[in-house]
Amino acid sequence: MSSKNVAVIGAGPSGLVTTRWMKTEGHKVKTYEASSDVGGLWRYTDDPKAHSSAYTNLKTNTTKHDTQFSEFPMPKEFPNNPHNTQVLSYLEKFTDHFHLRDNIQFNTKVVQVSPVSKNTKDGEEGEEDGWIVVVEKEGKKESHHFDAVAVCNGRTWNPVHIPVEGQESFEGEQIHSHNYRKPTIADGKRVLIRGVGISGYDILSDICLHSSAKELIICTRRNKLIMKGTQSLVPGGPPITMKPRLIRLSGLSATFEDETESEVDLIIHCTGYKYGFPFLDEGVVEIEENPSRVSLYQHVFPPDTKNIAFIGLISTMGSIHPIAEAQGKWFAKVLAGLVNLPSTDEMNNAVDKWKQGLKQYNVVYRPLEVNQWAYIHKIEHTIETHATALTNESADNHAPKNKKQDGDDDDISASDEKPPSVK
């Protein structure tokens with residue numbers, strides 16, 4: 001089995017579980033986290049400019065069974081949909097249980113990641129030989145060499161701003177959903193929620209339940225009709241009106257595609273996020289816009305570069321946590337020599353097929369979305385079918401055993417599909 005020197009970028013859920021699996025497979029790991037502690041998205045802060053997009057009343061929209069990692073169940077006393085403070089507590093205990101803090105360097109920002117190439121005899125670039133990772137802490141920069149890099153910097157930190165005519169002259173308040181923190185921002189105001197994706201629905205519910213907003217308007221550019229006329233979600237709650245796409249702003253007036261107008265005091269732009277790796281050298285990975293997507297084999301590996309992986313980027317109707325665990329485990333086993341990746345041509349063909357499918361079915365919203373358990377099963381099948389001869393010799397020593405712990409329930413999934421065991 002091969003042991004590698006691995007850099008993990010980010011100590012949110014994806015980075016933590018990837019660090020755990022790198023250690024499990026015998027790699028030397030250094031995890032860099034820009035903030036002062038673990039948690040990523042789930043570490044709430046009042047600062048609207050923070051990396052995290054969590055708001056004060058945020059809960060999981062997936063069950064605790066579908067959100068937990070293998071071998072470390074969420075406490076039995078947690079509600080079915082834990083609050084962000086409970087998820088953070090779970091991640092902190094996960095970190096301590098697997099002794100991950102020794103591997104994490106906090107308050108350290110990764111500023112550059114560059115591939116290092118071996119030189120052939122005649123001076124031409126040859127096979128890649130690791131990465132130079134430049135980090136900054138307390139104003140000082142350092143460079144380190146790693147055999148491999150796991151990118152776990154999240155996907156809900158880089159807001160998409162879709163301009164609208166007259167936006168700069170709007171006399172009310174505007175924020176992106178990324179900067180939304182407390183529902184009291186809506187008290188006494190006529191609020192326009194622009195977009196009805198996951199963030200839009202969540203913030204709509206939060207304002208209805210926990211604020212004294214005067215009126216709520218929802219608008220969407222894709223003509224989703226989620227309600228007719230003016231209604232209220234809760235007794236005594238603010239009236240809610242559905243509108244089509246926002247086309248113009250002037251003063252406090254918002255004009256919609258059907259040429260109706262409404263007076264609003266606050267606009268919350270729930271226009272989504274785009275992928276970004278500001279530290280990564282250009283050309284390492286292909287990022288496309290409109291819609292934002294990253295071209296990766298199985299949404300993890302750049303076909304032409306096999307010693308870097310992107311963990312936790314995809315969208316799912318389930319939880320990202322078990323998916324990130326499956327991806328991190330896969331990468332750890334590849335680096336250990338226990339699993340082979342397909343050839344570059346095979347991976348490129350798979351990416352091309354995925355792109356053709358997006359084009360054929362005109363997928364413009366959440367192009368990296370997958371079914372949680374079906375995707376995990378697919379990764380496990382890939383691991384099994386591409387296992388090396390080393391796998392059978394070392395599986396018993398490196399695959400965790402599925403031991404039930406205190407607080408674990410008999411039903412490990414609330415979904416209709418049976419979740420796979422994470423070996």
# chains A, B, ... in the order shown; residues from 1 in each chain; ligands from 1
>>> residues_around(residues="Ala186 in chain A", least_positions_apart="6", cutoff="10 Å", atoms="only C-alpha atoms", output="count of residues only")
14
>>> atom_distance(atom1="CA of Ser53 in chain A", atom2="CA of Pro244 in chain A")
26.1 Å
>>> closest_residue(among="A:Gly318, A:Pro48, A:Pro235, A:Gly166", to="Tyr180 in chain A", atoms="only C-alpha atoms")
A:Pro48
>>> residues_around(residues="Asn158 in chain A", least_positions_apart="4", cutoff="10 Å", atoms="only C-alpha atoms", output="ChimeraX atom specification")
/A:51,53,154,178,272-277
>>> select_by_dssp(residues="range 88-246 of chain A", states="helix (DSSP H, G or I)", output="PyMOL selection string")
chain A and resi 88-97+101-103+167-169+177-179+183-186+198-210
